[in-house]
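Visitor: If it helps, the file is called run24.txt and holds compact mmCIF, C-alpha atoms:
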```txt
# COMPACT_ATOMS: atom_id res chain seq x y z
CA MET V 151 31.99 5.97 -3.23
CA ALA V 152 31.90 2.31 -4.28
CA ALA V 153 32.72 -0.43 -1.80
CA GLY V 154 35.74 -1.56 -3.77
CA GLN V 155 37.09 1.99 -3.73
CA ASN V 156 36.76 2.73 -0.02
CA GLY V 157 38.04 -0.62 1.20
CA ALA V 158 34.80 -1.53 2.96
CA GLY V 159 34.55 -4.91 1.24
CA PRO V 160 33.47 -6.42 -2.06
CA ALA V 161 30.84 -4.50 -3.98
CA SER V 162 27.38 -6.08 -4.15
CA GLN V 163 25.89 -6.78 -7.56
CA THR V 164 22.38 -7.26 -6.12
CA ILE V 165 19.67 -4.73 -6.92
CA LEU V 166 16.94 -4.04 -4.38
CA VAL V 167 13.56 -2.98 -5.75
CA VAL V 168 11.28 -1.41 -3.14
CA GLY V 169 7.60 -1.67 -4.07
CA GLY V 170 5.82 -4.46 -5.89
CA GLY V 171 3.39 -2.52 -8.06
CA ILE V 172 3.60 -2.42 -11.84
CA ALA V 173 6.74 -0.25 -11.75
CA GLY V 174 8.53 -2.36 -9.16
CA VAL V 175 7.66 -5.65 -10.85
CA THR V 176 8.83 -4.26 -14.19
CA ALA V 177 12.13 -3.02 -12.78
CA ALA V 178 12.74 -6.36 -11.08
CA VAL V 179 12.13 -8.57 -14.11
CA GLU V 180 14.03 -6.28 -16.46
CA ALA V 181 17.09 -6.21 -14.20
CA ALA V 182 16.98 -9.96 -13.52
CA GLU V 183 16.62 -10.85 -17.20
CA ALA V 184 19.71 -8.72 -17.85
CA GLY V 185 21.65 -10.98 -15.48
CA GLN V 186 21.43 -9.23 -12.10
CA ASP V 187 20.31 -10.73 -8.80
CA VAL V 188 17.23 -8.86 -7.58
CA ILE V 189 15.39 -8.65 -4.28
CA LEU V 190 11.83 -7.34 -4.67
CA ILE V 191 10.10 -6.27 -1.48
CA GLU V 192 6.48 -5.22 -1.04
CA ARG V 193 4.69 -4.05 2.11
CA ASP V 194 1.34 -5.64 1.17
CA PRO V 195 0.69 -9.42 1.21
CA ALA V 196 0.72 -9.66 -2.62
CA LEU V 197 2.30 -7.97 -5.62
CA GLY V 198 0.46 -5.79 -8.13
CA GLY V 199 -0.12 -2.56 -6.24
CA ARG V 200 -2.91 -0.24 -7.35
CA VAL V 201 -3.06 -1.68 -10.86
CA THR V 202 -4.33 -5.03 -9.64
CA LYS V 203 -7.33 -3.22 -8.09
CA PHE V 204 -8.41 -1.71 -11.41
CA ASN V 205 -11.34 -3.18 -13.30
CA ARG V 206 -9.72 -2.30 -16.62
CA TYR V 207 -6.78 -0.17 -17.60
CA PHE V 208 -5.58 1.80 -20.59
CA PRO V 209 -4.70 1.72 -23.39
CA LYS V 210 -6.53 -1.50 -24.35
CA LEU V 211 -9.08 -1.52 -21.50
CA CYS V 212 -8.11 -5.08 -20.64
CA HIS V 213 -8.27 -6.62 -17.17
CA PRO V 214 -5.08 -6.01 -15.17
CA THR V 215 -4.46 -9.72 -14.66
CA CYS V 216 -3.59 -9.85 -18.36
CA GLY V 217 -0.39 -7.83 -18.08
CA LEU V 218 0.39 -8.69 -14.46
CA GLU V 219 0.19 -12.46 -14.93
CA ILE V 220 2.75 -12.29 -17.75
CA ASN V 221 5.15 -10.56 -15.36
CA TYR V 222 4.38 -13.01 -12.55
CA GLN V 223 5.33 -15.84 -14.91
CA ARG V 224 8.61 -14.05 -15.62
CA ILE V 225 9.24 -13.87 -11.87
CA ARG V 226 8.40 -17.56 -11.33
CA LYS V 227 10.77 -18.64 -14.08
CA ASN V 228 13.70 -16.47 -13.03
CA PRO V 229 15.79 -17.81 -10.13
CA ARG V 230 17.57 -14.45 -9.84
CA ILE V 231 14.47 -12.79 -8.31
CA ARG V 232 13.66 -13.12 -4.63
CA VAL V 233 10.23 -11.81 -3.60
CA MET V 234 9.58 -10.70 -0.03
CA THR V 235 6.08 -9.48 0.86
CA MET V 236 4.83 -7.63 3.94
CA CYS V 237 8.20 -5.91 4.22
CA GLU V 238 9.10 -2.24 4.56
CA VAL V 239 12.41 -0.42 4.42
CA GLN V 240 13.33 1.30 7.67
CA GLY V 241 16.66 2.81 6.66
CA ILE V 242 19.44 2.89 4.06
CA SER V 243 23.11 3.62 4.72
CA GLY V 244 26.36 3.19 2.84
CA GLY V 245 27.06 3.98 -0.79
CA ARG V 246 26.85 2.64 -4.30
CA GLY V 247 27.86 -1.01 -4.35
CA ASP V 248 27.67 -1.29 -0.57
CA TYR V 249 24.26 -0.28 0.76
CA LYS V 250 23.02 -1.62 4.07
CA VAL V 251 19.23 -1.67 4.04
CA SER V 252 17.25 -2.25 7.23
CA VAL V 253 13.95 -4.03 6.56
CA GLN V 254 11.01 -4.77 8.83
CA ARG V 255 8.81 -7.76 8.03
CA HIS V 256 5.30 -7.49 9.40
CA PRO V 257 3.60 -10.66 10.70
CA ARG V 258 1.53 -12.55 8.16
CA PHE V 259 0.84 -15.50 10.47
CA VAL V 260 1.00 -17.77 7.40
CA ASN V 261 4.23 -19.31 6.09
CA GLU V 262 5.39 -20.70 2.74
CA ARG V 263 3.69 -24.07 3.33
CA CYS V 264 0.29 -22.50 2.59
CA THR V 265 -1.56 -24.19 -0.29
CA ALA V 266 -4.39 -21.60 -0.39
CA CYS V 267 -6.90 -24.31 0.52
CA GLY V 268 -9.05 -21.89 2.55
CA ALA V 269 -9.43 -24.05 5.66
CA CYS V 270 -8.31 -21.16 7.87
CA ALA V 271 -10.95 -18.87 6.37
CA ASN V 272 -13.62 -21.47 7.10
CA ALA V 273 -12.44 -21.71 10.70
CA THR V 274 -12.49 -18.01 11.58
CA GLU V 275 -15.50 -16.03 12.74
CA THR V 276 -13.73 -12.66 12.63
CA MET V 277 -14.70 -10.27 9.86
CA VAL V 278 -12.57 -7.29 8.84
CA ASP V 279 -12.75 -4.50 6.26
CA ASN V 280 -11.60 -5.81 2.89
CA PRO V 281 -8.42 -3.85 2.01
CA PHE V 282 -8.55 -4.96 -1.61
CA ASN V 283 -11.97 -3.31 -2.00
CA TYR V 284 -10.97 -0.20 -0.05
CA GLY V 285 -13.20 -1.26 2.84
CA LEU V 286 -16.40 -1.29 0.77
CA ASP V 287 -17.19 -4.78 2.08
CA LYS V 288 -16.01 -7.28 4.68
CA VAL V 289 -13.79 -10.34 4.39
CA LYS V 290 -12.96 -13.21 6.73
CA GLY V 291 -10.12 -12.58 9.18
CA ALA V 292 -8.09 -15.21 7.31
CA TYR V 293 -8.21 -14.36 3.64
CA LEU V 294 -6.59 -14.58 0.24
CA PRO V 295 -5.64 -11.01 -0.78
CA HIS V 296 -7.50 -11.49 -4.08
CA GLU V 297 -8.22 -14.25 -6.60
CA HIS V 298 -5.03 -13.71 -8.63
CA ALA V 299 -2.72 -12.99 -5.70
CA PHE V 300 1.02 -13.51 -6.09
CA PRO V 301 2.19 -15.18 -3.98
CA MET V 302 -0.96 -17.32 -3.80
CA ARG V 303 -0.96 -17.44 -0.02
CA TYR V 304 -3.44 -16.55 2.71
CA VAL V 305 -2.88 -13.86 5.31
CA VAL V 306 -4.40 -13.68 8.79
CA ALA V 307 -5.58 -10.27 9.99
CA PRO V 308 -4.20 -9.18 13.38
CA GLU V 309 -7.82 -8.78 14.51
CA ALA V 310 -8.34 -12.55 14.27
CA ILE V 311 -5.29 -13.20 16.42
CA ALA V 312 -6.43 -10.54 18.91
CA ALA V 313 -9.82 -12.26 19.07
CA GLY V 314 -8.11 -15.39 20.36
CA GLU V 315 -8.56 -17.44 17.21
CA GLY V 316 -4.88 -18.17 16.59
CA GLU V 317 -4.74 -21.71 17.95
CA LYS V 318 -8.06 -22.60 16.29
CA LEU V 319 -6.72 -21.46 12.91
CA LYS V 320 -3.49 -23.36 13.49
CA ALA V 321 -5.43 -26.53 14.22
CA ALA V 322 -7.52 -26.08 11.07
CA CYS V 323 -4.46 -26.03 8.79
CA ALA V 324 -3.40 -29.51 7.66
CA TYR V 325 -0.11 -28.23 6.24
CA GLY V 326 1.42 -26.53 9.28
CA ALA V 327 1.24 -23.16 7.54
CA LEU V 328 -0.36 -21.18 10.40
CA ASP V 329 1.90 -19.49 12.93
CA PRO V 330 -0.22 -17.47 15.38
CA HIS V 331 2.94 -16.44 17.27
CA ASP V 332 4.56 -14.73 14.28
CA LYS V 333 5.97 -11.43 15.57
CA GLY V 334 7.63 -10.33 12.37
CA GLU V 335 11.32 -9.46 12.33
CA THR V 336 13.88 -6.84 11.39
CA PHE V 337 16.85 -7.76 9.21
CA ASP V 338 19.50 -6.17 7.02
CA LEU V 339 20.21 -6.57 3.32
CA HIS V 340 23.49 -5.86 1.52
CA VAL V 341 22.83 -4.53 -1.98
CA GLY V 342 24.60 -2.53 -4.64
CA ALA V 343 21.75 -0.33 -5.89
CA VAL V 344 18.16 0.50 -4.99
CA VAL V 345 15.14 1.21 -7.18
CA TRP V 346 12.49 3.06 -5.19
CA ALA V 347 9.07 2.21 -6.67
CA THR V 348 6.70 2.75 -3.78
CA GLY V 349 3.90 4.08 -5.98
CA TRP V 350 1.00 6.22 -4.88
CA GLN V 351 -1.97 6.53 -2.58
CA PRO V 352 -5.33 8.12 -3.38
CA TYR V 353 -5.73 11.61 -1.98
CA ASP V 354 -7.88 11.35 1.14
CA PRO V 355 -11.44 12.52 0.23
CA LYS V 356 -12.11 13.23 3.89
CA ASN V 357 -9.98 16.33 3.41
CA LEU V 358 -12.58 17.68 0.95
CA ASP V 359 -15.14 18.89 3.46
CA ALA V 360 -17.32 20.59 0.85
CA TYR V 361 -17.87 17.29 -0.98
CA SER V 362 -19.44 15.49 2.03
CA TYR V 363 -17.66 12.18 1.46
CA VAL V 364 -18.16 11.13 5.08
CA HIS V 365 -21.86 12.06 5.04
CA SER V 366 -23.11 9.80 2.26
CA ARG V 367 -22.24 6.27 1.20
CA ASP V 368 -23.31 7.27 -2.32
CA ILE V 369 -20.33 9.62 -2.62
CA ILE V 370 -17.30 7.50 -3.53
CA THR V 371 -13.84 7.97 -5.05
CA ASN V 372 -12.52 6.94 -8.45
CA VAL V 373 -10.57 4.00 -7.02
CA GLU V 374 -13.70 2.77 -5.23
CA MET V 375 -15.61 3.05 -8.51
CA GLU V 376 -13.07 0.68 -10.07
CA ARG V 377 -13.90 -1.90 -7.42
CA LEU V 378 -17.66 -1.45 -7.87
CA ALA V 379 -17.27 -2.22 -11.57
CA ALA V 380 -14.96 -5.22 -11.06
CA HIS V 381 -16.31 -8.76 -11.17
CA ASP V 382 -14.48 -9.57 -7.92
CA GLY V 383 -15.56 -6.34 -6.25
CA PRO V 384 -18.13 -5.85 -3.46
CA THR V 385 -21.08 -5.85 -5.90
CA HIS V 386 -19.66 -8.44 -8.34
CA GLY V 387 -19.31 -5.85 -11.07
CA LYS V 388 -22.67 -4.09 -10.76
CA VAL V 389 -22.54 -0.31 -10.40
CA LEU V 390 -24.98 0.05 -7.50
CA ARG V 391 -25.68 2.68 -4.87
CA PRO V 392 -23.72 1.62 -1.77
CA SER V 393 -26.50 2.99 0.46
CA ASN V 394 -29.30 0.74 -0.71
CA GLY V 395 -28.04 -1.52 -3.51
CA ALA V 396 -30.23 0.12 -6.16
CA PRO V 397 -28.87 0.56 -9.71
CA ALA V 398 -27.01 3.85 -10.17
CA LYS V 399 -28.90 5.28 -13.13
CA LYS V 400 -27.89 8.93 -12.69
CA VAL V 401 -24.20 9.41 -11.97
CA ALA V 402 -22.00 12.49 -11.51
CA LEU V 403 -18.26 12.32 -12.08
CA ILE V 404 -16.38 15.25 -10.53
CA GLN V 405 -12.98 15.97 -12.05
CA CYS V 406 -10.06 17.44 -10.11
CA ALA V 407 -11.54 16.61 -6.70
CA GLY V 408 -8.72 18.11 -4.66
CA SER V 409 -6.34 18.27 -7.61
CA ARG V 410 -5.04 21.46 -9.21
CA ASP V 411 -5.97 23.10 -5.92
CA LEU V 412 -3.43 24.98 -3.81
CA ASN V 413 -5.26 23.83 -0.66
CA HIS V 414 -4.83 20.15 -1.54
CA LEU V 415 -2.86 18.76 -4.54
CA PRO V 416 -1.58 21.68 -6.68
CA TYR V 417 -0.71 19.43 -9.63
CA CYS V 418 -2.56 17.39 -12.26
CA SER V 419 -2.33 13.62 -11.72
CA ARG V 420 -2.59 12.93 -15.46
CA ILE V 421 -4.85 9.86 -15.16
CA CYS V 422 -8.04 11.27 -13.59
CA CYS V 423 -9.79 12.58 -16.72
CA LEU V 424 -9.35 9.32 -18.60
CA GLY V 425 -10.38 7.39 -15.49
CA SER V 426 -13.66 9.29 -15.34
CA LEU V 427 -14.27 8.73 -19.05
CA LYS V 428 -13.76 5.03 -18.37
CA HIS V 429 -16.23 5.19 -15.47
CA ALA V 430 -18.81 6.80 -17.73
CA ALA V 431 -18.34 3.86 -20.09
CA TYR V 432 -18.80 1.37 -17.22
CA VAL V 433 -22.16 2.90 -16.32
CA ARG V 434 -23.39 3.16 -19.90
CA GLU V 435 -22.41 -0.44 -20.66
CA GLN V 436 -24.54 -1.68 -17.77
CA TYR V 437 -27.54 0.62 -18.04
CA PRO V 438 -28.80 1.65 -21.50
CA ASP V 439 -31.03 4.29 -19.90
CA ALA V 440 -28.40 5.71 -17.55
CA GLU V 441 -27.43 9.37 -17.54
CA VAL V 442 -23.86 10.42 -16.72
CA HIS V 443 -22.70 13.99 -16.06
CA ILE V 444 -18.97 14.79 -16.08
CA TYR V 445 -18.08 18.00 -14.22
CA TYR V 446 -14.71 19.24 -15.43
CA ILE V 447 -12.28 22.15 -15.51
CA ASP V 448 -10.81 20.90 -18.77
CA ILE V 449 -10.29 17.43 -20.22
CA ARG V 450 -6.79 16.04 -20.51
CA ALA V 451 -6.87 12.94 -22.72
CA HIS V 452 -3.35 12.72 -24.04
CA ASP V 453 -1.90 11.13 -27.16
CA LYS V 454 -3.76 8.20 -28.74
CA LEU V 455 -6.28 8.09 -25.88
CA GLU V 456 -8.06 11.12 -27.29
CA ALA V 457 -10.00 8.66 -29.46
CA PHE V 458 -11.56 7.20 -26.32
CA TYR V 459 -12.60 10.68 -25.24
CA ASP V 460 -14.22 11.24 -28.64
CA ARG V 461 -16.12 7.98 -28.29
CA VAL V 462 -17.51 8.85 -24.85
CA ARG V 463 -18.28 12.40 -25.92
CA ALA V 464 -20.38 11.07 -28.81
CA ASP V 465 -22.73 9.30 -26.38
CA PRO V 466 -25.85 11.52 -26.11
CA GLN V 467 -26.47 10.31 -22.54
CA VAL V 468 -23.08 11.48 -21.31
CA LYS V 469 -23.14 15.20 -20.63
CA PHE V 470 -20.00 17.29 -20.09
CA ILE V 471 -20.54 20.22 -17.72
CA LYS V 472 -17.73 22.76 -17.46
CA SER V 473 -17.85 23.53 -13.76
CA LYS V 474 -16.13 22.72 -10.51
CA PRO V 475 -18.99 22.02 -8.07
CA ALA V 476 -18.90 24.24 -4.99
CA HIS V 477 -20.31 21.73 -2.54
CA ILE V 478 -22.45 18.61 -2.14
CA ARG V 479 -25.39 18.29 0.22
CA VAL V 480 -27.41 15.19 1.06
CA GLY V 481 -31.08 15.52 0.15
CA GLU V 482 -34.07 14.38 2.20
CA ASP V 483 -34.31 11.24 0.08
CA GLY V 484 -30.64 10.45 0.78
CA ARG V 485 -29.40 11.33 -2.70
CA PRO V 486 -26.34 13.59 -3.01
CA ILE V 487 -27.13 17.02 -4.51
CA LEU V 488 -24.42 18.92 -6.37
CA HIS V 489 -24.44 22.70 -6.00
CA GLY V 490 -22.45 25.08 -8.16
CA GLU V 491 -22.30 27.34 -11.19
CA ARG V 492 -21.78 26.31 -14.81
CA THR V 493 -18.74 28.13 -16.15
CA ILE V 494 -20.01 28.83 -19.68
CA ASP V 495 -23.58 30.06 -19.19
CA ARG V 496 -23.19 31.11 -15.51
CA GLU V 497 -26.30 29.17 -14.51
CA ILE V 498 -26.62 28.03 -10.89
CA TYR V 499 -27.49 24.35 -10.40
CA ALA V 500 -28.64 22.05 -7.60
CA GLU V 501 -28.67 18.61 -9.21
CA PRO V 502 -29.46 15.31 -7.40
CA TYR V 503 -27.72 12.03 -8.30
CA ASP V 504 -27.85 8.36 -7.42
CA LEU V 505 -24.08 8.18 -7.23
CA VAL V 506 -21.29 10.77 -7.15
CA VAL V 507 -17.71 9.78 -7.99
CA LEU V 508 -14.86 12.05 -6.87
CA ALA V 509 -11.82 11.88 -9.16
CA THR V 510 -9.23 12.30 -6.43
CA GLY V 511 -5.60 12.54 -7.51
CA MET V 512 -2.47 10.49 -6.97
CA GLN V 513 -0.35 11.38 -3.97
CA PRO V 514 3.11 9.77 -3.78
CA SER V 515 3.34 7.14 -1.05
CA ALA V 516 6.71 8.66 -0.16
CA VAL V 517 4.93 11.55 1.60
CA THR V 518 4.42 9.18 4.54
CA GLY V 519 6.84 6.75 6.15
CA TYR V 520 10.51 6.30 5.30
CA ARG V 521 12.03 7.60 2.08
CA PRO V 522 15.66 7.52 0.96
CA THR V 523 17.71 10.66 1.42
CA MET V 524 20.69 9.69 -0.71
CA GLY V 525 20.57 9.98 -4.48
CA LEU V 526 17.01 11.29 -4.36
CA VAL V 527 15.25 14.37 -3.06
CA ALA V 528 11.54 15.10 -2.67
CA ASP V 529 10.25 17.82 -4.96
CA GLU V 530 7.66 20.38 -3.86
CA TYR V 531 4.88 17.80 -4.27
CA GLY V 532 6.60 14.88 -2.52
CA PHE V 533 7.72 12.97 -5.62
CA LEU V 534 11.28 11.64 -5.51
CA VAL V 535 13.63 13.04 -8.14
CA PRO V 536 17.38 12.46 -8.62
CA VAL V 537 19.99 14.76 -7.16
CA GLU V 538 22.08 16.05 -10.04
CA GLY V 539 25.68 14.87 -9.90
CA ASP V 540 25.10 12.89 -6.69
CA GLY V 541 26.68 9.73 -8.09
CA GLU V 542 24.63 7.45 -5.85
CA GLY V 543 22.94 4.18 -6.74
CA VAL V 544 19.40 4.96 -5.58
CA PHE V 545 16.79 5.64 -8.27
CA SER V 546 13.05 6.31 -8.34
CA ALA V 547 10.59 4.69 -10.74
CA GLY V 548 6.92 4.90 -11.62
CA VAL V 549 4.61 7.17 -9.66
CA ALA V 550 7.21 7.49 -6.89
CA ALA V 551 8.94 9.79 -9.39
CA GLY V 552 5.90 11.67 -10.71
CA PRO V 553 2.24 11.30 -11.78
CA LEU V 554 2.29 8.67 -14.55
CA ASP V 555 -0.14 6.25 -16.15
CA VAL V 556 0.57 2.51 -16.39
CA SER V 557 2.44 2.58 -19.69
CA MET V 558 4.59 5.52 -18.57
CA SER V 559 5.28 3.80 -15.24
CA VAL V 560 6.55 0.74 -17.11
CA GLN V 561 8.83 2.91 -19.24
CA SER V 562 10.09 4.72 -16.14
CA ALA V 563 10.77 1.40 -14.40
CA THR V 564 12.74 0.03 -17.35
CA ALA V 565 14.89 3.17 -17.34
CA ALA V 566 15.47 2.88 -13.58
CA ALA V 567 16.46 -0.79 -13.96
CA LEU V 568 19.05 0.17 -16.58
CA LYS V 569 20.48 2.87 -14.30
CA ALA V 570 20.68 0.40 -11.40
CA ILE V 571 22.47 -2.15 -13.61
CA GLN V 572 24.99 0.50 -14.65
CA ALA V 573 25.48 1.51 -11.02
CA VAL V 574 26.31 -1.99 -9.71
CA ARG V 575 28.50 -2.90 -12.67
CA ASN V 576 30.51 0.27 -12.27
CA ALA V 577 30.74 0.04 -8.48
```
Could you render the structure from this file as structure tokens?
Guide:
Amino acid sequence: MAAGQNGAGPASQTILVVGGGIAGVTAAVEAAEAGQDVILIERDPALGGRVTKFNRYFPKLCHPTCGLEINYQRIRKNPRIRVMTMCEVQGISGGRGDYKVSVQRHPRFVNERCTACGACANATETMVDNPFNYGLDKVKGAYLPHEHAFPMRYVVAPEAIAAGEGEKLKAACAYGALDPHDKGETFDLHVGAVVWATGWQPYDPKNLDAYSYVHSRDIITNVEMERLAAHDGPTHGKVLRPSNGAPAKKVALIQCAGSRDLNHLPYCSRICCLGSLKHAAYVREQYPDAEVHIYYIDIRAHDKLEAFYDRVRADPQVKFIKSKPAHIRVGEDGRPILHGERTIDREIYAEPYDLVVLATGMQPSAVTGYRPTMGLVADEYGFLVPVEGDGEGVFSAGVAAGPLDVSMSVQSATAAALKAIQAVRNA
């Protein structure tokens, strides 16, 4: 029931968007440009989500900063949008037009006075796993999330504070931006509608025991492959073997690694086949003599993107092998060896590779942590779908609602923004 109807107070016209990936950013700018006040919160130190970690993305295979920067400019120019990073929702109560949202802000140890000068990074000796590169390399304990971060502000890792470097970092900052005593805080927001756009997380390859992810550095996931190929990745864009830095000249791409599997993710994540085709293109662009083998159940290249599949398929050095490998063993020379049976000719293989890439699927982030219970319900896979006839003002968008690619996530977010606008205006 709306606030104005139950006598609880004036209805709020503000829309809260939870999640600052491509879906959340889209929902926020669309709602704000339609005249609504918007609060956009993100648990990471910068906006962009998974998309910002891609090397290129479909359909045009352009760098993600292309589309994201346009949206960041829309945010900068719109006074109706308030961005809050390193924040997570802890609870939602109330009803349409009168939601009380409890939010926890995690300590960043750097405030709005930061100019991104880098003095704090120069002062620290602590090194931590680089979250932007999925831990494939190390970064200073005071770091910029990535080169196109929004907001363009440093963050200090808790490890640097625990190492006793807080006061040293504070002294190094000429702008008074370092606060080593930041404890974070919990606060409440009053909003009229909520768009839940918390995105996805890669399925954990450690669950795939047969594929020996933990036993070889040369067995990586599809999201890690994106970082290897990126100019700001751990190898500055070179597709190299993580174990020894040698060029990866023979590469295996394993489709449906944990997907379409009742023991792991029973569904298709929609993007994995095209992602692997893109990875084959990365390797072939760098190494004219490289050989790429794609192990697949079937290829799902939908709509206009089938042309990209045809292009990769025409490459004589890209071989498509209809098979789901049974297991991977590490050879005496350290190279991963794929074992299995080819589906068509029933031949058994034991094939060594320089690099193996597991196309793990998208798991909704809502499977862990808090998720709203009003207006939305988790389906059998953990995606958040609307409750028919519920009449609430909480909506899901992007991959929080189902496995979608970037363009579909944008469409989903625009639809969710429209629903949220209707909800607050009718409250």
Visitor: Write out as an MDAnalysis selection string each polymer residue whose atoms come within 8 Å of Pro195 of chain V, counting all atoms listed in the file; drop sequence neighbours fewer than 3 positions from it.
Guide: chainID V and resid 192 235:236 258 295 301 305
Visitor: Which residues, written as a short mmCIF file (atom, residue, chain, number, x, y, z; two decimals) with C-alpha atoms, keeping the file's coordinate frame, have at least one atom at most 7 Å from segment 412-427 of chain V, with only C-alpha atoms counted and residues fewer than 4 positions away on the same chain left out?
Guide:
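Dumped to around39.cif:
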```
data_model
loop_
_atom_site.label_atom_id
_atom_site.label_comp_id
_atom_site.auth_asym_id
_atom_site.auth_seq_id
_atom_site.Cartn_x
_atom_site.Cartn_y
_atom_site.Cartn_z
CA LEU V 403 -18.26 12.32 -12.08
CA GLN V 405 -12.98 15.97 -12.05
CA GLY V 408 -8.72 18.11 -4.66
CA ALA V 431 -18.34 3.86 -20.09
CA ILE V 449 -10.29 17.43 -20.22
CA ARG V 450 -6.79 16.04 -20.51
CA ALA V 451 -6.87 12.94 -22.72
CA TYR V 459 -12.60 10.68 -25.24
CA VAL V 462 -17.51 8.85 -24.85
CA ALA V 509 -11.82 11.88 -9.16
CA GLY V 511 -5.60 12.54 -7.51
CA MET V 512 -2.47 10.49 -6.97
CA PRO V 553 2.24 11.30 -11.78
CA LEU V 554 2.29 8.67 -14.55
CA ASP V 555 -0.14 6.25 -16.15
#
```
Visitor: Extract, using all atoms listed in the file, all DNA, RNA and protein residues at most 12 Å from Ala184 of chain V, discarding same-chain residues fewer than 5 positions from it, and format them as a count of residues only.
Guide: 14
Visitor: Residues within 7 Å of Ala269 of chain V, please, as a ChimeraX atom specification. Count all atoms listed in the file; anything in the same chain fewer than 4 positions from it doesn't count.
Guide: /V:273,322-323
Visitor: I'd like the neighbourhood of segment 547-551 of chain V as a PDB file with C-alpha atoms, in the coordinates of the input, where a residue qualifies if any of its atoms comes within 10 Å (using all atoms listed in the file), though same-chain residues fewer than 2 positions away should be ignored.
Guide:
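What ended up in result_19.pdb:
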```pdb
ATOM      1  CA  VAL V 167      13.560  -2.980  -5.750  1.00  0.00           C
ATOM      2  CA  VAL V 168      11.280  -1.410  -3.140  1.00  0.00           C
ATOM      3  CA  GLY V 169       7.600  -1.670  -4.070  1.00  0.00           C
ATOM      4  CA  GLY V 171       3.390  -2.520  -8.060  1.00  0.00           C
ATOM      5  CA  ILE V 172       3.600  -2.420 -11.840  1.00  0.00           C
ATOM      6  CA  ALA V 173       6.740  -0.250 -11.750  1.00  0.00           C
ATOM      7  CA  GLY V 174       8.530  -2.360  -9.160  1.00  0.00           C
ATOM      8  CA  THR V 176       8.830  -4.260 -14.190  1.00  0.00           C
ATOM      9  CA  ALA V 177      12.130  -3.020 -12.780  1.00  0.00           C
ATOM     10  CA  VAL V 345      15.140   1.210  -7.180  1.00  0.00           C
ATOM     11  CA  TRP V 346      12.490   3.060  -5.190  1.00  0.00           C
ATOM     12  CA  ALA V 347       9.070   2.210  -6.670  1.00  0.00           C
ATOM     13  CA  THR V 348       6.700   2.750  -3.780  1.00  0.00           C
ATOM     14  CA  GLY V 349       3.900   4.080  -5.980  1.00  0.00           C
ATOM     15  CA  TRP V 350       1.000   6.220  -4.880  1.00  0.00           C
ATOM     16  CA  GLN V 351      -1.970   6.530  -2.580  1.00  0.00           C
ATOM     17  CA  SER V 419      -2.330  13.620 -11.720  1.00  0.00           C
ATOM     18  CA  MET V 512      -2.470  10.490  -6.970  1.00  0.00           C
ATOM     19  CA  GLN V 513      -0.350  11.380  -3.970  1.00  0.00           C
ATOM     20  CA  PRO V 514       3.110   9.770  -3.780  1.00  0.00           C
ATOM     21  CA  SER V 515       3.340   7.140  -1.050  1.00  0.00           C
ATOM     22  CA  ALA V 516       6.710   8.660  -0.160  1.00  0.00           C
ATOM     23  CA  VAL V 517       4.930  11.550   1.600  1.00  0.00           C
ATOM     24  CA  LEU V 526      17.010  11.290  -4.360  1.00  0.00           C
ATOM     25  CA  ALA V 528      11.540  15.100  -2.670  1.00  0.00           C
ATOM     26  CA  ASP V 529      10.250  17.820  -4.960  1.00  0.00           C
ATOM     27  CA  GLY V 532       6.600  14.880  -2.520  1.00  0.00           C
ATOM     28  CA  PHE V 533       7.720  12.970  -5.620  1.00  0.00           C
ATOM     29  CA  LEU V 534      11.280  11.640  -5.510  1.00  0.00           C
ATOM     30  CA  VAL V 535      13.630  13.040  -8.140  1.00  0.00           C
ATOM     31  CA  PRO V 536      17.380  12.460  -8.620  1.00  0.00           C
ATOM     32  CA  PHE V 545      16.790   5.640  -8.270  1.00  0.00           C
ATOM     33  CA  PRO V 553       2.240  11.300 -11.780  1.00  0.00           C
ATOM     34  CA  LEU V 554       2.290   8.670 -14.550  1.00  0.00           C
ATOM     35  CA  ASP V 555      -0.140   6.250 -16.150  1.00  0.00           C
ATOM     36  CA  VAL V 556       0.570   2.510 -16.390  1.00  0.00           C
ATOM     37  CA  SER V 557       2.440   2.580 -19.690  1.00  0.00           C
ATOM     38  CA  MET V 558       4.590   5.520 -18.570  1.00  0.00           C
ATOM     39  CA  SER V 559       5.280   3.800 -15.240  1.00  0.00           C
ATOM     40  CA  VAL V 560       6.550   0.740 -17.110  1.00  0.00           C
ATOM     41  CA  GLN V 561       8.830   2.910 -19.240  1.00  0.00           C
ATOM     42  CA  SER V 562      10.090   4.720 -16.140  1.00  0.00           C
ATOM     43  CA  ALA V 563      10.770   1.400 -14.400  1.00  0.00           C
ATOM     44  CA  THR V 564      12.740   0.030 -17.350  1.00  0.00           C
ATOM     45  CA  ALA V 565      14.890   3.170 -17.340  1.00  0.00           C
ATOM     46  CA  ALA V 566      15.470   2.880 -13.580  1.00  0.00           C
ATOM     47  CA  ALA V 567      16.460  -0.790 -13.960  1.00  0.00           C
TER      48      ALA V 567
END
```
